[in-house]
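Raw upload04.cif, mmCIF, C-alpha atoms:
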```cif
data_structure
#
loop_
_atom_site.label_atom_id
_atom_site.label_comp_id
_atom_site.auth_asym_id
_atom_site.auth_seq_id
_atom_site.Cartn_x
_atom_site.Cartn_y
_atom_site.Cartn_z
CA MET V 133 -11.51 -27.73 9.36
CA THR V 134 -7.79 -28.02 8.67
CA PRO V 135 -4.64 -26.60 10.31
CA ARG V 136 -3.03 -24.29 7.76
CA PRO V 137 0.34 -22.49 7.87
CA PHE V 138 -0.08 -18.89 8.94
CA LYS V 139 2.09 -15.81 9.37
CA GLN V 140 1.51 -12.26 10.52
CA ILE V 141 3.85 -9.82 8.80
CA ASP V 142 4.52 -6.18 9.62
CA VAL V 143 5.00 -4.28 6.36
CA PHE V 144 6.75 -0.97 5.53
CA THR V 145 8.95 -1.27 8.61
CA ALA V 146 12.01 -3.19 9.79
CA THR V 147 10.84 -2.93 13.42
CA PRO V 148 7.89 -5.06 14.59
CA CYS V 149 4.76 -3.13 15.55
CA PHE V 150 5.68 0.06 13.66
CA GLY V 151 4.25 -0.77 10.21
CA ASN V 152 1.03 -2.22 8.87
CA PRO V 153 0.27 -5.78 10.01
CA LEU V 154 -0.94 -8.39 7.54
CA ALA V 155 -2.40 -11.84 8.15
CA VAL V 156 -1.30 -14.45 5.59
CA VAL V 157 -2.84 -17.92 5.32
CA LEU V 158 -0.26 -19.74 3.22
CA ASP V 159 -2.65 -22.48 2.05
CA GLY V 160 -6.05 -21.12 1.05
CA ALA V 161 -7.07 -24.13 -1.04
CA GLY V 162 -10.68 -25.23 -0.62
CA LEU V 163 -11.79 -22.26 1.47
CA SER V 164 -15.10 -20.69 0.52
CA ASP V 165 -15.51 -16.97 -0.08
CA GLU V 166 -17.60 -16.82 3.08
CA THR V 167 -14.92 -18.51 5.21
CA GLN V 168 -12.20 -16.21 3.91
CA GLN V 169 -14.29 -13.11 4.52
CA ARG V 170 -15.27 -14.28 8.02
CA PHE V 171 -11.65 -14.92 8.95
CA ALA V 172 -10.60 -11.51 7.60
CA HIS V 173 -13.33 -9.91 9.70
CA TRP V 174 -12.14 -11.88 12.73
CA THR V 175 -8.47 -10.89 12.40
CA ASN V 176 -9.66 -7.25 12.36
CA LEU V 177 -6.55 -6.23 10.40
CA SER V 178 -6.78 -3.91 7.43
CA GLU V 179 -6.09 -6.89 5.16
CA THR V 180 -5.89 -10.68 5.34
CA CYS V 181 -4.45 -12.72 2.45
CA PHE V 182 -4.94 -16.29 1.24
CA VAL V 183 -2.24 -17.85 -0.92
CA LEU V 184 -3.27 -20.21 -3.72
CA PRO V 185 -1.60 -21.84 -6.71
CA PRO V 186 -1.71 -19.62 -9.80
CA THR V 187 -4.39 -20.23 -12.38
CA GLU V 188 -3.37 -22.14 -15.49
CA ALA V 189 -3.27 -18.90 -17.49
CA GLY V 190 -1.41 -17.12 -14.71
CA ARG V 191 1.25 -19.81 -14.45
CA ALA V 192 1.74 -19.78 -18.22
CA ALA V 193 2.29 -16.00 -17.98
CA GLY V 194 4.88 -16.41 -15.23
CA ALA V 195 2.89 -16.21 -11.98
CA ASP V 196 4.54 -17.85 -8.97
CA TYR V 197 1.46 -17.81 -6.74
CA ARG V 198 -2.03 -16.32 -6.56
CA VAL V 199 -3.38 -14.27 -3.68
CA ARG V 200 -6.86 -13.22 -2.61
CA ILE V 201 -6.96 -10.08 -0.48
CA PHE V 202 -9.74 -9.32 2.01
CA THR V 203 -10.41 -6.34 4.26
CA PRO V 204 -12.75 -6.90 7.24
CA GLY V 205 -15.64 -5.98 4.95
CA ALA V 206 -14.79 -6.80 1.33
CA GLU V 207 -12.40 -8.45 -1.12
CA LEU V 208 -9.92 -6.23 -2.99
CA PRO V 209 -8.53 -6.78 -6.49
CA PHE V 210 -5.16 -5.39 -5.40
CA ALA V 211 -3.49 -3.78 -2.41
CA GLY V 212 0.10 -2.76 -1.81
CA HIS V 213 1.06 -3.82 1.69
CA PRO V 214 -0.61 -7.24 1.18
CA THR V 215 1.45 -7.66 -2.00
CA LEU V 216 4.76 -7.04 -0.21
CA GLY V 217 3.74 -8.92 2.95
CA THR V 218 2.46 -11.97 1.09
CA CYS V 219 5.64 -12.07 -0.98
CA HIS V 220 7.71 -11.92 2.24
CA ALA V 221 5.69 -14.78 3.77
CA TRP V 222 5.77 -16.90 0.59
CA LEU V 223 9.55 -16.59 0.23
CA GLU V 224 10.10 -17.25 3.93
CA ALA V 225 7.99 -20.42 3.61
CA GLY V 226 10.31 -21.69 0.86
CA GLY V 227 8.74 -20.26 -2.29
CA VAL V 228 11.05 -20.11 -5.31
CA ALA V 229 10.32 -17.75 -8.19
CA GLN V 230 10.30 -18.96 -11.80
CA ASN V 231 12.21 -15.84 -12.84
CA PRO V 232 15.37 -14.92 -10.89
CA GLU V 233 14.74 -11.22 -11.56
CA PHE V 234 11.17 -10.94 -10.23
CA ILE V 235 8.59 -12.66 -8.08
CA VAL V 236 5.28 -12.57 -9.95
CA GLN V 237 2.01 -12.40 -8.03
CA GLU V 238 -1.38 -13.12 -9.56
CA CYS V 239 -4.31 -11.21 -8.06
CA GLY V 240 -7.56 -9.53 -9.07
CA VAL V 241 -5.87 -6.89 -11.25
CA GLY V 242 -3.74 -9.48 -13.03
CA LEU V 243 0.02 -10.06 -12.65
CA VAL V 244 2.14 -7.86 -10.38
CA ARG V 245 5.94 -7.96 -10.48
CA ILE V 246 7.93 -7.68 -7.24
CA ARG V 247 11.68 -7.16 -7.06
CA GLN V 248 14.18 -7.22 -4.22
CA ARG V 249 17.13 -4.89 -3.66
CA GLY V 250 18.95 -5.44 -0.37
CA GLN V 251 16.36 -5.42 2.41
CA LEU V 252 13.70 -3.73 0.27
CA ARG V 253 11.05 -5.40 -1.83
CA ALA V 254 9.13 -3.25 -4.28
CA PHE V 255 6.12 -3.91 -6.48
CA ALA V 256 5.50 -2.45 -9.89
CA ALA V 257 2.51 -0.14 -9.47
CA PRO V 258 -0.46 -1.26 -11.59
CA ALA V 259 -1.72 1.05 -14.32
CA LEU V 260 -3.57 4.07 -12.95
CA THR V 261 -6.63 5.79 -14.30
CA ARG V 262 -7.49 9.14 -12.78
CA CYS V 263 -9.88 12.00 -13.27
CA ALA V 264 -11.26 15.07 -11.52
CA PRO V 265 -13.71 14.04 -8.78
CA ASP V 266 -17.39 14.93 -8.81
CA ALA V 267 -17.76 18.37 -7.28
CA LYS V 268 -20.52 17.33 -4.87
CA LEU V 269 -18.56 14.31 -3.65
CA LEU V 270 -15.44 16.41 -3.18
CA ALA V 271 -17.32 19.04 -1.19
CA ALA V 272 -18.92 16.37 1.01
CA VAL V 273 -15.56 14.68 1.68
CA ILE V 274 -13.87 17.98 2.50
CA ALA V 275 -16.63 18.70 5.02
CA ALA V 276 -16.37 15.19 6.54
CA LEU V 277 -12.63 15.71 6.99
CA GLY V 278 -13.21 19.06 8.71
CA LEU V 279 -11.22 20.94 6.07
CA GLN V 280 -11.70 24.31 4.43
CA PRO V 281 -11.71 24.18 0.60
CA LYS V 282 -8.68 26.48 0.45
CA GLN V 283 -6.63 23.84 2.29
CA VAL V 284 -7.01 21.44 -0.66
CA LEU V 285 -4.38 22.23 -3.31
CA ALA V 286 -5.39 19.49 -5.76
CA ALA V 287 -7.75 16.51 -5.95
CA GLN V 288 -7.99 13.43 -8.16
CA LEU V 289 -10.03 10.24 -8.22
CA LEU V 290 -7.38 7.50 -8.40
CA ASP V 291 -8.08 3.95 -9.59
CA ASN V 292 -5.39 1.24 -9.68
CA GLY V 293 -7.74 -1.55 -8.58
CA PRO V 294 -8.82 0.09 -5.33
CA VAL V 295 -10.37 3.54 -5.87
CA TRP V 296 -9.13 6.42 -3.71
CA LEU V 297 -10.08 10.06 -3.66
CA GLY V 298 -6.65 11.66 -3.40
CA LEU V 299 -6.28 15.10 -1.81
CA LEU V 300 -3.08 17.13 -1.80
CA LEU V 301 -3.25 19.41 1.26
CA ASP V 302 -1.49 22.64 2.14
CA SER V 303 0.81 21.34 4.90
CA PRO V 304 1.85 18.20 6.78
CA GLU V 305 0.44 19.81 9.93
CA THR V 306 -2.99 19.91 8.30
CA VAL V 307 -2.69 16.22 7.38
CA LEU V 308 -1.68 15.18 10.88
CA ALA V 309 -4.35 17.30 12.60
CA LEU V 310 -7.30 15.75 10.73
CA ASP V 311 -10.04 14.17 12.86
CA PRO V 312 -12.52 12.89 10.26
CA ASP V 313 -16.18 12.05 10.65
CA HIS V 314 -15.70 8.38 9.77
CA ALA V 315 -19.43 7.62 9.87
CA ARG V 316 -20.00 10.29 7.24
CA LEU V 317 -17.15 8.96 5.08
CA LYS V 318 -18.66 5.48 5.33
CA ASP V 319 -22.04 6.85 4.20
CA LEU V 320 -20.34 8.55 1.24
CA GLY V 321 -18.83 5.19 0.23
CA GLN V 322 -15.49 6.70 -0.79
CA LYS V 323 -12.02 5.83 0.50
CA VAL V 324 -9.91 8.96 0.94
CA GLY V 325 -6.15 9.45 0.87
CA VAL V 326 -4.62 12.74 1.99
CA ALA V 327 -1.03 13.88 1.56
CA SER V 328 1.24 16.89 1.83
CA VAL V 329 4.81 17.52 0.71
CA ARG V 330 7.23 18.08 3.60
CA ARG V 331 10.16 19.35 1.55
CA SER V 332 10.35 21.37 -1.61
CA GLN V 333 11.06 19.39 -4.76
CA ASP V 334 14.45 21.10 -5.05
CA ALA V 335 15.37 19.97 -1.54
CA ILE V 336 14.35 16.36 -2.24
CA GLN V 337 16.34 16.30 -5.48
CA LEU V 338 19.39 17.72 -3.68
CA ILE V 339 19.19 14.95 -1.09
CA SER V 340 18.89 12.34 -3.85
CA ARG V 341 21.91 13.70 -5.74
CA SER V 342 24.12 14.03 -2.69
CA SER V 343 23.43 10.61 -1.16
CA ARG V 344 24.41 7.46 -3.02
CA GLU V 345 22.26 5.45 -0.60
CA ALA V 346 19.20 7.20 -2.00
CA LYS V 347 19.40 4.96 -5.08
CA ALA V 348 17.29 2.37 -3.29
CA PHE V 349 16.31 0.38 -6.34
CA ASP V 350 19.70 0.40 -8.04
CA GLY V 351 21.08 -2.10 -5.54
CA HIS V 352 21.55 0.18 -2.51
CA ASP V 353 19.35 0.35 0.56
CA MET V 354 17.71 3.75 0.90
CA PRO V 355 18.10 4.95 4.49
CA THR V 356 15.01 5.56 6.58
CA LEU V 357 15.16 9.33 6.90
CA ALA V 358 14.09 11.01 10.14
CA GLU V 359 11.56 13.02 8.16
CA PRO V 360 9.73 11.79 5.05
CA ASP V 361 9.28 13.86 1.93
CA LEU V 362 5.52 13.21 1.80
CA GLU V 363 3.16 12.80 4.78
CA VAL V 364 0.23 10.46 4.03
CA ARG V 365 -2.96 9.29 5.75
CA ALA V 366 -5.61 6.86 4.45
CA PHE V 367 -9.26 6.73 5.55
CA ALA V 368 -11.19 3.65 4.47
CA ALA V 369 -14.38 3.45 6.55
CA PRO V 370 -16.40 2.08 3.57
CA VAL V 371 -14.40 -1.18 3.76
CA GLY V 372 -14.38 -1.38 7.56
CA VAL V 373 -11.06 0.38 8.33
CA ASN V 374 -11.35 3.91 9.71
CA GLU V 375 -7.66 4.63 9.16
CA ASP V 376 -5.12 2.34 7.53
CA PRO V 377 -1.62 2.48 9.08
CA VAL V 378 0.47 2.29 5.86
CA THR V 379 -1.10 1.86 2.44
CA GLY V 380 0.76 0.58 -0.62
CA SER V 381 -2.01 0.99 -3.20
CA LEU V 382 -2.68 4.59 -2.14
CA ASN V 383 1.01 5.48 -2.14
CA ALA V 384 1.34 3.91 -5.59
CA SER V 385 -1.48 5.99 -7.05
CA LEU V 386 -0.35 9.15 -5.24
CA ALA V 387 3.14 8.67 -6.70
CA GLN V 388 1.83 8.18 -10.24
CA TRP V 389 -0.27 11.34 -9.92
CA LEU V 390 2.07 13.63 -7.99
CA ILE V 391 5.21 12.79 -9.98
CA ALA V 392 3.39 13.14 -13.30
CA ASP V 393 1.99 16.55 -12.31
CA GLY V 394 5.32 17.86 -11.05
CA HIS V 395 4.55 17.96 -7.32
CA LEU V 396 7.31 15.46 -6.46
CA PRO V 397 10.53 14.19 -8.07
CA GLU V 398 11.01 10.68 -9.42
CA ARG V 399 12.42 9.33 -6.15
CA TYR V 400 11.14 10.18 -2.69
CA LEU V 401 10.24 8.77 0.73
CA ALA V 402 6.69 8.76 2.09
CA GLY V 403 5.75 8.46 5.75
CA GLN V 404 2.44 7.15 7.06
CA GLY V 405 0.98 5.98 10.36
CA ALA V 406 2.16 8.68 12.78
CA CYS V 407 -1.35 9.35 14.09
CA LEU V 408 -1.73 5.64 14.90
CA GLY V 409 1.60 5.31 16.69
CA ARG V 410 3.30 3.77 13.65
CA ASP V 411 6.35 4.84 11.67
CA GLY V 412 5.81 3.40 8.20
CA ARG V 413 8.19 4.28 5.39
CA VAL V 414 7.35 3.81 1.71
CA HIS V 415 10.14 4.11 -0.87
CA ILE V 416 9.04 5.44 -4.25
CA GLU V 417 10.94 5.47 -7.53
CA ARG V 418 9.89 6.04 -11.13
CA ASP V 419 12.38 4.30 -13.42
CA THR V 420 13.56 5.33 -16.89
CA GLY V 421 10.64 3.45 -18.45
CA ALA V 422 8.16 5.51 -16.37
CA GLN V 423 7.27 2.50 -14.22
CA VAL V 424 6.61 3.48 -10.59
CA TRP V 425 7.99 1.08 -7.98
CA VAL V 426 6.65 1.07 -4.42
CA GLY V 427 8.82 -0.57 -1.80
CA GLY V 428 9.57 -1.10 1.84
CA GLU V 429 10.98 -3.47 4.42
CA SER V 430 8.92 -6.11 6.22
CA VAL V 431 9.34 -8.37 9.23
CA THR V 432 7.62 -11.55 10.49
CA CYS V 433 5.91 -11.14 13.87
CA ILE V 434 3.95 -14.42 14.18
CA SER V 435 4.47 -17.86 12.63
CA GLY V 436 2.25 -20.87 13.27
CA THR V 437 -0.96 -22.50 12.10
CA VAL V 438 -4.58 -21.47 11.94
CA THR V 439 -7.50 -23.90 11.85
CA LEU V 440 -9.90 -23.09 9.01
#
```
Structure encoded using structure tokens:
Amino acid sequence: MTPRPFKQIDVFTATPCFGNPLAVVLDGAGLSDETQQRFAHWTNLSETCFVLPPTEAGRAAGADYRVRIFTPGAELPFAGHPTLGTCHAWLEAGGVAQNPEFIVQECGVGLVRIRQRGQLRAFAAPALTRCAPDAKLLAAVIAALGLQPKQVLAAQLLDNGPVWLGLLLDSPETVLALDPDHARLKDLGQKVGVASVRRSQDAIQLISRSSREAKAFDGHDMPTLAEPDLEVRAFAAPVGVNEDPVTGSLNASLAQWLIADGHLPERYLAGQGACLGRDGRVHIERDTGAQVWVGGESVTCISGTVTL
């Protein structure tokens, strides 16, 4: 067993203990799959990451580092808050990107670009595939959430590495009042993301036009608004996390779906974590090339070593 550099990062917040914590082992070389999974189970955080050198093919394609991402119960090909948190930890530990414009992460879905504007880092959302969910699965999930079918305005099965059943609900109050049957959701084997728009699209666009700070990814820091434009919750009992505080992969796929279908404008602010005592903020922008960027602030809470 070897002492290895370790950090715990709080992601999607500038204030410690208000975002989604992430464990990062900055030297994962030589660790078995079993050891990594056991440590991720022990940390009991929604995700634990292990940083490795990029593969030969990854380095040739521009990767700066490789990361393996584990929940307490399984490995993930990609996840959003681990992407931003690992990048934060890697840079803080002295990492230098090959390309001055982007940090490039290699993970299970391939290469993910990350860019920095002021205090915000944002990742380029991976390609999304989506389709209408199976009617029986949808009905079972709605029942497990304690919802009435009429409260669900739209539903899609969203796959950008992780697979989420996305539900657009009738109001933020409905989202925040949910008290799911997590055991039933675990039996169904389906992670579920729920969301509701807080403001009308016209109101969000007016805010964006009238505030130059809203151009978060054009070199200005987007302010953390008192009220987000989209309220989000994520239920992931099948991978050992009843409710995730703030979820990058889900917010990425929700953005790709909801912007494309006209439910939200190309730039908005999502809030997540209120029911867990958190205050996560996720900054979303779709650029002129139709690439969705998912960003937020992050802060280091613990630095040290871990013996593995």
**Message:** Excluding range 147-157 of chain V and its own-chain neighbours fewer than 6 positions away, which residues fall within 7 Å of it when counting all atoms listed in the file? Please give them as a list in words.
**Reply:**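 Answer for this query is Arg136, Pro137, Phe138, Lys139, Gln140, Ile141, Leu177, Glu179, Thr180, Cys181, Phe182, Val183, Pro214, Gly217, Thr218, Pro377, Val378, Arg410, Asp411, Gly412, Val431 and Cys433 of chain V.
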Please expand the PyMOL selection byres ((chain V and resi 187-189) around 12) into the concrete residues it hits in this file, giving the result as a compact mmCIF listing (two decimals) with C-alpha atoms, keeping the file's coordinate frame.
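Wrote selection.txt, looks like this:
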```txt
# COMPACT_ATOMS: atom_id res chain seq x y z
CA VAL V 183 -2.24 -17.85 -0.92
CA LEU V 184 -3.27 -20.21 -3.72
CA PRO V 185 -1.60 -21.84 -6.71
CA PRO V 186 -1.71 -19.62 -9.80
CA GLY V 190 -1.41 -17.12 -14.71
CA ARG V 191 1.25 -19.81 -14.45
CA ALA V 192 1.74 -19.78 -18.22
CA ALA V 193 2.29 -16.00 -17.98
CA GLY V 194 4.88 -16.41 -15.23
CA ALA V 195 2.89 -16.21 -11.98
CA ASP V 196 4.54 -17.85 -8.97
CA TYR V 197 1.46 -17.81 -6.74
CA ARG V 198 -2.03 -16.32 -6.56
CA VAL V 199 -3.38 -14.27 -3.68
CA GLN V 237 2.01 -12.40 -8.03
CA GLU V 238 -1.38 -13.12 -9.56
CA CYS V 239 -4.31 -11.21 -8.06
CA GLY V 240 -7.56 -9.53 -9.07
CA GLY V 242 -3.74 -9.48 -13.03
CA LEU V 243 0.02 -10.06 -12.65
```
**Message:** Give me the residues near Glu429 in chain V as a ChimeraX atom specification, where near means some atom within 12 Å (using all atoms listed in the file) and where sequence neighbours in that chain fewer than 2 positions away do not count.
**Reply:** /V:141-148,150-152,213,216-217,219-220,248-255,348,353-356,411-415,426-427,431-432
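Take CA of Gly428 in chain V and CA of Ile416 in chain V: the distance between them is 9.0 Å.
Taking CA of Asp376 in chain V as the reference point, CA of Gln404 in chain V is found at 9.0 Å.
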**Request:** For CA of Leu300 in chain V and CA of Arg247 in chain V, determine how far apart the two atoms are, in Å to one decimal place.
**Result:** 28.9 Å
Show me, as a PDB file with C-alpha atoms, in the frame of the given file, the residues that have an atom within 12 Å of range 257-261 of chain V when counting all atoms listed in the file, minus same-chain residues fewer than 4 positions from it.
```pdb
ATOM      1  CA  PRO V 209      -8.530  -6.780  -6.490  1.00  0.00           C
ATOM      2  CA  PHE V 210      -5.160  -5.390  -5.400  1.00  0.00           C
ATOM      3  CA  ALA V 211      -3.490  -3.780  -2.410  1.00  0.00           C
ATOM      4  CA  GLY V 212       0.100  -2.760  -1.810  1.00  0.00           C
ATOM      5  CA  HIS V 213       1.060  -3.820   1.690  1.00  0.00           C
ATOM      6  CA  THR V 215       1.450  -7.660  -2.000  1.00  0.00           C
ATOM      7  CA  LEU V 216       4.760  -7.040  -0.210  1.00  0.00           C
ATOM      8  CA  GLN V 237       2.010 -12.400  -8.030  1.00  0.00           C
ATOM      9  CA  CYS V 239      -4.310 -11.210  -8.060  1.00  0.00           C
ATOM     10  CA  GLY V 240      -7.560  -9.530  -9.070  1.00  0.00           C
ATOM     11  CA  VAL V 241      -5.870  -6.890 -11.250  1.00  0.00           C
ATOM     12  CA  GLY V 242      -3.740  -9.480 -13.030  1.00  0.00           C
ATOM     13  CA  LEU V 243       0.020 -10.060 -12.650  1.00  0.00           C
ATOM     14  CA  VAL V 244       2.140  -7.860 -10.380  1.00  0.00           C
ATOM     15  CA  ARG V 245       5.940  -7.960 -10.480  1.00  0.00           C
ATOM     16  CA  ILE V 246       7.930  -7.680  -7.240  1.00  0.00           C
ATOM     17  CA  ARG V 247      11.680  -7.160  -7.060  1.00  0.00           C
ATOM     18  CA  GLN V 288      -7.990  13.430  -8.160  1.00  0.00           C
ATOM     19  CA  LEU V 289     -10.030  10.240  -8.220  1.00  0.00           C
ATOM     20  CA  LEU V 290      -7.380   7.500  -8.400  1.00  0.00           C
ATOM     21  CA  ASP V 291      -8.080   3.950  -9.590  1.00  0.00           C
ATOM     22  CA  ASN V 292      -5.390   1.240  -9.680  1.00  0.00           C
ATOM     23  CA  GLY V 293      -7.740  -1.550  -8.580  1.00  0.00           C
ATOM     24  CA  PRO V 294      -8.820   0.090  -5.330  1.00  0.00           C
ATOM     25  CA  VAL V 295     -10.370   3.540  -5.870  1.00  0.00           C
ATOM     26  CA  TRP V 296      -9.130   6.420  -3.710  1.00  0.00           C
ATOM     27  CA  LEU V 297     -10.080  10.060  -3.660  1.00  0.00           C
ATOM     28  CA  GLY V 380       0.760   0.580  -0.620  1.00  0.00           C
ATOM     29  CA  SER V 381      -2.010   0.990  -3.200  1.00  0.00           C
ATOM     30  CA  LEU V 382      -2.680   4.590  -2.140  1.00  0.00           C
ATOM     31  CA  ASN V 383       1.010   5.480  -2.140  1.00  0.00           C
ATOM     32  CA  ALA V 384       1.340   3.910  -5.590  1.00  0.00           C
ATOM     33  CA  SER V 385      -1.480   5.990  -7.050  1.00  0.00           C
ATOM     34  CA  LEU V 386      -0.350   9.150  -5.240  1.00  0.00           C
ATOM     35  CA  ALA V 387       3.140   8.670  -6.700  1.00  0.00           C
ATOM     36  CA  GLN V 388       1.830   8.180 -10.240  1.00  0.00           C
ATOM     37  CA  TRP V 389      -0.270  11.340  -9.920  1.00  0.00           C
ATOM     38  CA  ALA V 392       3.390  13.140 -13.300  1.00  0.00           C
ATOM     39  CA  ILE V 416       9.040   5.440  -4.250  1.00  0.00           C
ATOM     40  CA  GLU V 417      10.940   5.470  -7.530  1.00  0.00           C
ATOM     41  CA  ARG V 418       9.890   6.040 -11.130  1.00  0.00           C
ATOM     42  CA  ASP V 419      12.380   4.300 -13.420  1.00  0.00           C
ATOM     43  CA  ALA V 422       8.160   5.510 -16.370  1.00  0.00           C
ATOM     44  CA  GLN V 423       7.270   2.500 -14.220  1.00  0.00           C
ATOM     45  CA  VAL V 424       6.610   3.480 -10.590  1.00  0.00           C
ATOM     46  CA  TRP V 425       7.990   1.080  -7.980  1.00  0.00           C
ATOM     47  CA  VAL V 426       6.650   1.070  -4.420  1.00  0.00           C
ATOM     48  CA  GLY V 427       8.820  -0.570  -1.800  1.00  0.00           C
TER      49      GLY V 427
END
```
**Prompt:** Between V:Leu310, V:Leu158, V:Ala256, V:Ala287, which has the minimum distance to Ala225 in chain V (counting all atoms listed in the file)?
**Reply:**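 The closest residue to Ala225 in chain V is V:Leu158.
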**Request:** To verify the selection step, state as a ChimeraX atom specification which residues the PyMOL selection byres ((chain V and resi 439) around 7) yields on this input.
**Result:** /V:133-136,437-438,440
Resulting file, chosen residues, C-alpha atoms, as a PDB file, in the frame of the given file:
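Ended up saving to again_29.pdb:
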```
ATOM      1  CA  MET V 133     -11.510 -27.730   9.360  1.00  0.00           C
ATOM      2  CA  THR V 134      -7.790 -28.020   8.670  1.00  0.00           C
ATOM      3  CA  PRO V 135      -4.640 -26.600  10.310  1.00  0.00           C
ATOM      4  CA  ARG V 136      -3.030 -24.290   7.760  1.00  0.00           C
ATOM      5  CA  THR V 437      -0.960 -22.500  12.100  1.00  0.00           C
ATOM      6  CA  VAL V 438      -4.580 -21.470  11.940  1.00  0.00           C
ATOM      7  CA  LEU V 440      -9.900 -23.090   9.010  1.00  0.00           C
TER       8      LEU V 440
END
```
**Asked** Quick one: which residues end up in the PyMOL selection byres ((chain V and resi 319) around 12) for this structure, as a PyMOL selection string?
**Response** chain V and resi 269+272-273+276+313-318+320-323+368-372
Suppose we keep C-alpha atoms; can you now write the selection as a tab-separated table (two decimals), keeping the file's coordinate frame?
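Saved as selection32.tsv:
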```tsv
chain	number	residue	atom	x	y	z
V	269	LEU	CA	-18.56	14.31	-3.65
V	272	ALA	CA	-18.92	16.37	1.01
V	273	VAL	CA	-15.56	14.68	1.68
V	276	ALA	CA	-16.37	15.19	6.54
V	313	ASP	CA	-16.18	12.05	10.65
V	314	HIS	CA	-15.70	8.38	9.77
V	315	ALA	CA	-19.43	7.62	9.87
V	316	ARG	CA	-20.00	10.29	7.24
V	317	LEU	CA	-17.15	8.96	5.08
V	318	LYS	CA	-18.66	5.48	5.33
V	320	LEU	CA	-20.34	8.55	1.24
V	321	GLY	CA	-18.83	5.19	0.23
V	322	GLN	CA	-15.49	6.70	-0.79
V	323	LYS	CA	-12.02	5.83	0.50
V	368	ALA	CA	-11.19	3.65	4.47
V	369	ALA	CA	-14.38	3.45	6.55
V	370	PRO	CA	-16.40	2.08	3.57
V	371	VAL	CA	-14.40	-1.18	3.76
V	372	GLY	CA	-14.38	-1.38	7.56
```
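In this comparison, which uses all atoms listed in the file, the residue of V:Phe367, V:Phe202, V:Phe234, V:Tyr400 approaching Asp165 in chain V most closely is V:Phe202.
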Exercise on range 409-427 of chain V, axis-aligned box with 6 Å per side, report centre and edge lengths in Å to one decimal, as AutoDock Vina command-line options:
```
--center_x 7.6 --center_y 2.7 --center_z -0.9 --size_x 24.0 --size_y 18.6 --size_z 47.1
```
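The residue that comes closest to Leu390 in chain V, out of V:Ala271, V:Ala264, V:Leu362, V:Ala221 and on the basis of only C-alpha atoms, is V:Leu362.
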**Asked** For Gln283 in chain V, which residue out of V:Glu305, V:Glu359, V:Val324, V:Asp266 is the nearest one, using only C-alpha atoms?
**Response**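 Residue with the minimum atom-to-atom distance to Gln283 in chain V: V:Glu305.
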